[in-house]
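As structure tokens, the structure follows; a few thoughts come after it.
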Amino acid sequence: MKLTTIGCWGGYPYQNQGTTSYLLTGEDGFQLLMDVGSRALNELEKEISPLDLDAVIISHYHPDHVADLGVLRHYRQLYPKNLWQPRVLPTYGHDEDEGEFAKLTLEGVSQGIAYDVNGTETIGPFTISFIKTVHPVVCYAMRIVEHESGQVLVFTGDSGYFEELLPFTAGADLFLADVYLYAGQERHPAHLTSKEAGEIAAQAGVKKLVLTHLPQFGPENTESDNHLELLRQQAADYAPSVSVDLAEPHKFWDLGKL
Ligand SMILES: [Zn+2]
């Protein structure tokens, strides 16, 4: 499977780049969009037609993860019917916030589906299991296994550190981790630090750690040109055996070639 970055800033879009959204493409061509942050629709259009999406999955309902969900639906709702055969878009999310979950459905356009957080969900070529994260609102991390290739992707959604995240991540090919914070701010109630992500990646034995939900500023909110490289280096210091990348829009990884 191939993971393509659509947006990767944390909290709000910045300098013409968007917030959390990733396109996961199966070996069979299945297109799953994970989170739909601010600017996601425009950036997605640079990769594929939004009409070609097969499903959407949402980690949680903070605006930087769902901001463009409404306009994605409008795109498919308003696209001339003589130019495509309309298809209802399956949109997976948790139903522990009824008001937000209800918004996933727009009749004839998208259908909200509550994912089974205690079991697994099969979406196209992927089997997905879930674990509740440490975050101010209910959020689920996802472990995504592609049937055909056996490749494994773990996406934290947004999360502070918790012990169970390590076994959940064990043996993943690629670990896509929310790293909004620098080393020294460990055990935060909403996000991982570079050190925590590095330690989990190393102990879990992943091949590749990709840092996402990136901070706009340096440590102590300083302005700097190389703060993201500092963040990457901090994570790498705690994961010497793991290759560590920063996400950036349109950067992609083929999990079969890591
Ligand atoms: Zn969040």
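Residue names in the structure tokens use chain letters A, B, ... in the order shown, residue numbers from 1 in each chain, and ligand numbers from 1 in the order shown.
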
Report as a tab-separated table: every residue of stretch 8-82 of chain A with an atom at most 12 Å from stretch 211-218 of chain A, its closest pair of atoms, and their distance in Å to one decimal, counting only C-alpha atoms, with rows sorted by chain and ascending residue number.
```
residue	atom	partner	partner_atom	distance
A:Cys8	CA	A:His213	CA	5.2
A:Trp9	CA	A:Leu214	CA	4.7
A:Gly10	CA	A:His213	CA	3.9
A:Gly11	CA	A:His213	CA	7.5
A:Tyr12	CA	A:Gln216	CA	9.0
A:Pro13	CA	A:Gln216	CA	9.3
A:Tyr14	CA	A:Gln216	CA	7.4
A:Gln15	CA	A:Gln216	CA	9.4
A:Gln17	CA	A:Gln216	CA	11.0
A:Gly18	CA	A:His213	CA	10.2
A:Thr19	CA	A:His213	CA	7.2
A:Thr20	CA	A:His213	CA	6.4
A:Ser21	CA	A:His213	CA	9.7
A:Tyr22	CA	A:Thr212	CA	10.2
A:Asp35	CA	A:His213	CA	11.7
A:Gly37	CA	A:His213	CA	10.7
A:Asp64	CA	A:His213	CA	9.4
A:His65	CA	A:His213	CA	10.0
```

* **Surrounding residues as a VMD selection string, ligand 1, max 8 Å, only C-alpha atoms and all ligand atoms** => chain A and resid 11 60 to 65 135 to 137 139 157 to 159 190

Just all heavy atoms for this one: save the residues we selected as a CSV table (one decimal), in the first residue's frame.
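So the final result, stored in again09.csv, reads:
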```csv
chain,number,residue,atom,x,y,z
A,11,GLY,N,-3.2,21.5,14.2
A,11,GLY,CA,-4.0,22.6,14.7
A,11,GLY,C,-4.7,23.5,13.7
A,11,GLY,O,-5.9,23.7,13.7
A,60,HIS,N,-11.0,11.5,14.8
A,60,HIS,CA,-11.8,12.3,15.8
A,60,HIS,C,-12.3,13.5,15.1
A,60,HIS,O,-11.9,13.9,14.0
A,60,HIS,CB,-10.9,12.5,17.0
A,60,HIS,CG,-9.8,13.5,16.9
A,60,HIS,ND1,-8.8,13.3,15.9
A,60,HIS,CD2,-9.5,14.6,17.5
A,60,HIS,CE1,-7.9,14.3,16.0
A,60,HIS,NE2,-8.3,15.1,17.0
A,61,TYR,N,-13.1,14.3,15.9
A,61,TYR,CA,-13.8,15.4,15.3
A,61,TYR,C,-13.3,16.8,15.6
A,61,TYR,O,-14.0,17.7,15.5
A,61,TYR,CB,-15.3,15.3,15.7
A,61,TYR,CG,-15.9,13.9,15.3
A,61,TYR,CD1,-16.3,13.0,16.2
A,61,TYR,CD2,-16.1,13.6,13.9
A,61,TYR,CE1,-16.8,11.8,15.8
A,61,TYR,CE2,-16.6,12.4,13.5
A,61,TYR,CZ,-17.0,11.5,14.5
A,61,TYR,OH,-17.5,10.3,14.1
A,62,HIS,N,-12.0,16.9,15.9
A,62,HIS,CA,-11.4,18.2,16.0
A,62,HIS,C,-11.4,18.8,14.6
A,62,HIS,O,-11.1,18.1,13.6
A,62,HIS,CB,-10.0,18.2,16.6
A,62,HIS,CG,-10.0,18.3,18.1
A,62,HIS,ND1,-9.0,17.8,18.9
A,62,HIS,CD2,-10.9,18.9,18.9
A,62,HIS,CE1,-9.3,18.0,20.1
A,62,HIS,NE2,-10.4,18.7,20.2
A,63,PRO,N,-11.5,20.2,14.5
A,63,PRO,CA,-11.6,20.8,13.2
A,63,PRO,C,-10.4,20.6,12.3
A,63,PRO,O,-10.6,20.5,11.0
A,63,PRO,CB,-11.7,22.3,13.5
A,63,PRO,CG,-12.3,22.4,14.9
A,63,PRO,CD,-11.8,21.1,15.6
A,64,ASP,N,-9.2,20.4,12.8
A,64,ASP,CA,-8.0,20.2,12.0
A,64,ASP,C,-8.0,18.8,11.4
A,64,ASP,O,-7.1,18.5,10.6
A,64,ASP,CB,-6.7,20.6,12.7
A,64,ASP,CG,-6.6,19.9,14.0
A,64,ASP,OD1,-7.6,19.7,14.7
A,64,ASP,OD2,-5.4,19.5,14.4
A,65,HIS,N,-9.0,18.0,11.7
A,65,HIS,CA,-9.1,16.6,11.1
A,65,HIS,C,-10.4,16.4,10.3
A,65,HIS,O,-10.5,15.5,9.6
A,65,HIS,CB,-9.1,15.6,12.2
A,65,HIS,CG,-7.7,15.6,12.9
A,65,HIS,ND1,-6.8,14.6,12.8
A,65,HIS,CD2,-7.2,16.5,13.8
A,65,HIS,CE1,-5.7,14.9,13.5
A,65,HIS,NE2,-5.9,16.0,14.1
A,135,HIS,N,-6.5,12.1,24.6
A,135,HIS,CA,-6.7,13.3,23.9
A,135,HIS,C,-7.9,14.0,24.5
A,135,HIS,O,-8.7,13.3,25.2
A,135,HIS,CB,-7.0,13.0,22.4
A,135,HIS,CG,-6.7,14.2,21.5
A,135,HIS,ND1,-5.5,14.8,21.4
A,135,HIS,CD2,-7.5,14.8,20.5
A,135,HIS,CE1,-5.6,15.8,20.5
A,135,HIS,NE2,-6.8,15.8,20.0
A,136,PRO,N,-8.1,15.3,24.4
A,136,PRO,CA,-9.2,16.0,25.1
A,136,PRO,C,-10.6,15.6,24.6
A,136,PRO,O,-11.6,15.7,25.3
A,136,PRO,CB,-9.0,17.5,24.8
A,136,PRO,CG,-7.5,17.6,24.5
A,136,PRO,CD,-7.2,16.3,23.8
A,137,VAL,N,-10.7,15.1,23.3
A,137,VAL,CA,-12.0,14.5,22.9
A,137,VAL,C,-11.7,13.1,22.4
A,137,VAL,O,-10.5,12.7,22.3
A,137,VAL,CB,-12.5,15.3,21.7
A,137,VAL,CG1,-12.8,16.7,22.0
A,137,VAL,CG2,-11.6,15.2,20.4
A,139,CYS,N,-10.8,10.0,20.6
A,139,CYS,CA,-10.0,9.8,19.3
A,139,CYS,C,-9.5,8.4,19.3
A,139,CYS,O,-9.2,7.8,20.3
A,139,CYS,CB,-8.8,10.8,19.3
A,139,CYS,SG,-7.7,10.6,17.9
A,157,GLY,N,-3.7,9.0,15.0
A,157,GLY,CA,-4.6,10.1,15.2
A,157,GLY,C,-3.9,11.1,16.1
A,157,GLY,O,-2.7,11.3,15.9
A,158,ASP,N,-4.6,11.8,17.0
A,158,ASP,CA,-3.9,12.6,17.9
A,158,ASP,C,-3.9,11.9,19.3
A,158,ASP,O,-4.9,11.3,19.7
A,158,ASP,CB,-4.8,13.9,18.1
A,158,ASP,CG,-4.6,14.9,17.0
A,158,ASP,OD1,-3.9,14.6,16.0
A,158,ASP,OD2,-5.2,16.0,17.1
A,159,SER,N,-2.7,12.0,19.9
A,159,SER,CA,-2.6,11.2,21.1
A,159,SER,C,-1.4,11.7,22.0
A,159,SER,O,-0.3,11.8,21.5
A,159,SER,CB,-2.4,9.7,20.9
A,159,SER,OG,-2.4,9.0,22.1
A,190,ALA,N,-2.5,15.6,25.4
A,190,ALA,CA,-3.1,15.6,24.0
A,190,ALA,C,-2.2,15.1,22.9
A,190,ALA,O,-2.7,14.6,21.9
A,190,ALA,CB,-3.5,17.1,23.7
```

* d(atom CA of A:Glu163, atom CA of A:Ile144) in Å -> 19.5 Å

* Given the choices A:Thr5, A:Thr133, A:Thr127, A:Thr91, which gets closest to A:Leu153 if the distance is worked out from only C-alpha atoms? -> A:Thr127

* Record the distance separating atom CA of A:Arg87 and atom CA of A:Ser110, expressed in Å with one decimal. =>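 About the pair atom CA of A:Arg87 and atom CA of A:Ser110: they are 8.4 Å apart.
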
* From A:Leu104, A:Val154, A:Val109, A:Ala67, residue lying nearest A:Gln85 [only C-alpha atoms] ->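 Nearest candidate to A:Gln85 out of A:Leu104, A:Val154, A:Val109, A:Ala67: A:Val109.
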
* Return the single residue from A:Glu47, A:Glu164, A:Glu248, A:Asp254 that is closest to A:Val152, with distances computed using only C-alpha atoms. => A:Asp254

* Any idea what the distance is between atom CA of A:Gln77 and atom CA of A:Ile58? ->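 Computed distance, atom CA of A:Gln77 to atom CA of A:Ile58, equals 19.8 Å.
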
Near A:Ala201, within 10 Å and counting only C-alpha atoms, which residues show up once chain neighbours fewer than 4 positions away are dropped, as a CSV table (one decimal) with C-alpha atoms, in the first residue's frame?
```
chain,number,residue,atom,x,y,z
A,166,LEU,CA,3.4,0.2,22.2
A,169,THR,CA,2.3,-0.4,17.2
A,170,ALA,CA,4.4,-3.6,17.4
A,171,GLY,CA,5.9,-4.7,14.1
A,172,ALA,CA,4.3,-2.0,12.0
A,174,LEU,CA,5.2,2.4,9.0
A,175,PHE,CA,4.3,4.3,12.2
A,176,LEU,CA,2.6,7.6,11.4
A,177,ALA,CA,2.8,9.5,14.7
A,195,LYS,CA,11.2,11.6,22.2
A,196,GLU,CA,8.1,9.5,23.0
A,197,ALA,CA,7.4,8.8,19.3
A,205,GLY,CA,10.4,-2.5,16.0
A,206,VAL,CA,8.9,-0.5,13.1
A,207,LYS,CA,10.7,0.1,9.9
A,208,LYS,CA,9.8,3.7,9.3
A,209,LEU,CA,8.6,6.5,11.7
A,210,VAL,CA,6.8,9.4,9.9
A,235,ALA,CA,12.9,11.5,17.4
A,236,ALA,CA,15.8,9.9,15.6
A,238,TYR,CA,15.6,7.9,20.5
A,239,ALA,CA,15.2,5.5,17.6
A,240,PRO,CA,18.7,4.8,16.3
A,241,SER,CA,17.5,1.6,14.5
A,242,VAL,CA,14.6,3.3,12.7
A,243,SER,CA,14.4,5.5,9.7
A,244,VAL,CA,12.7,8.8,10.6
```

* To do: Excluding A:His227 and residues on its chain fewer than 4 positions from it, collect all residues at most 12 Å away from it, counting only C-alpha atoms, and give them as a ChimeraX atom specification.
  => /A:180-182,194,214-223,231-234,246

* For A:Leu32, which residue out of A:Glu96, A:Gln185, A:Lys46, A:Ile123 is the nearest one, using only C-alpha atoms? ->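 For A:Leu32, the nearest of the candidates is A:Ile123.
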
* Report the residues of stretch 18-139 of chain A whose backbone DSSP state falls under strand (DSSP E), written as a PyMOL selection string. => chain A and resi 21-25+31-34+55-57+89-93+110-114+120-123+126-132
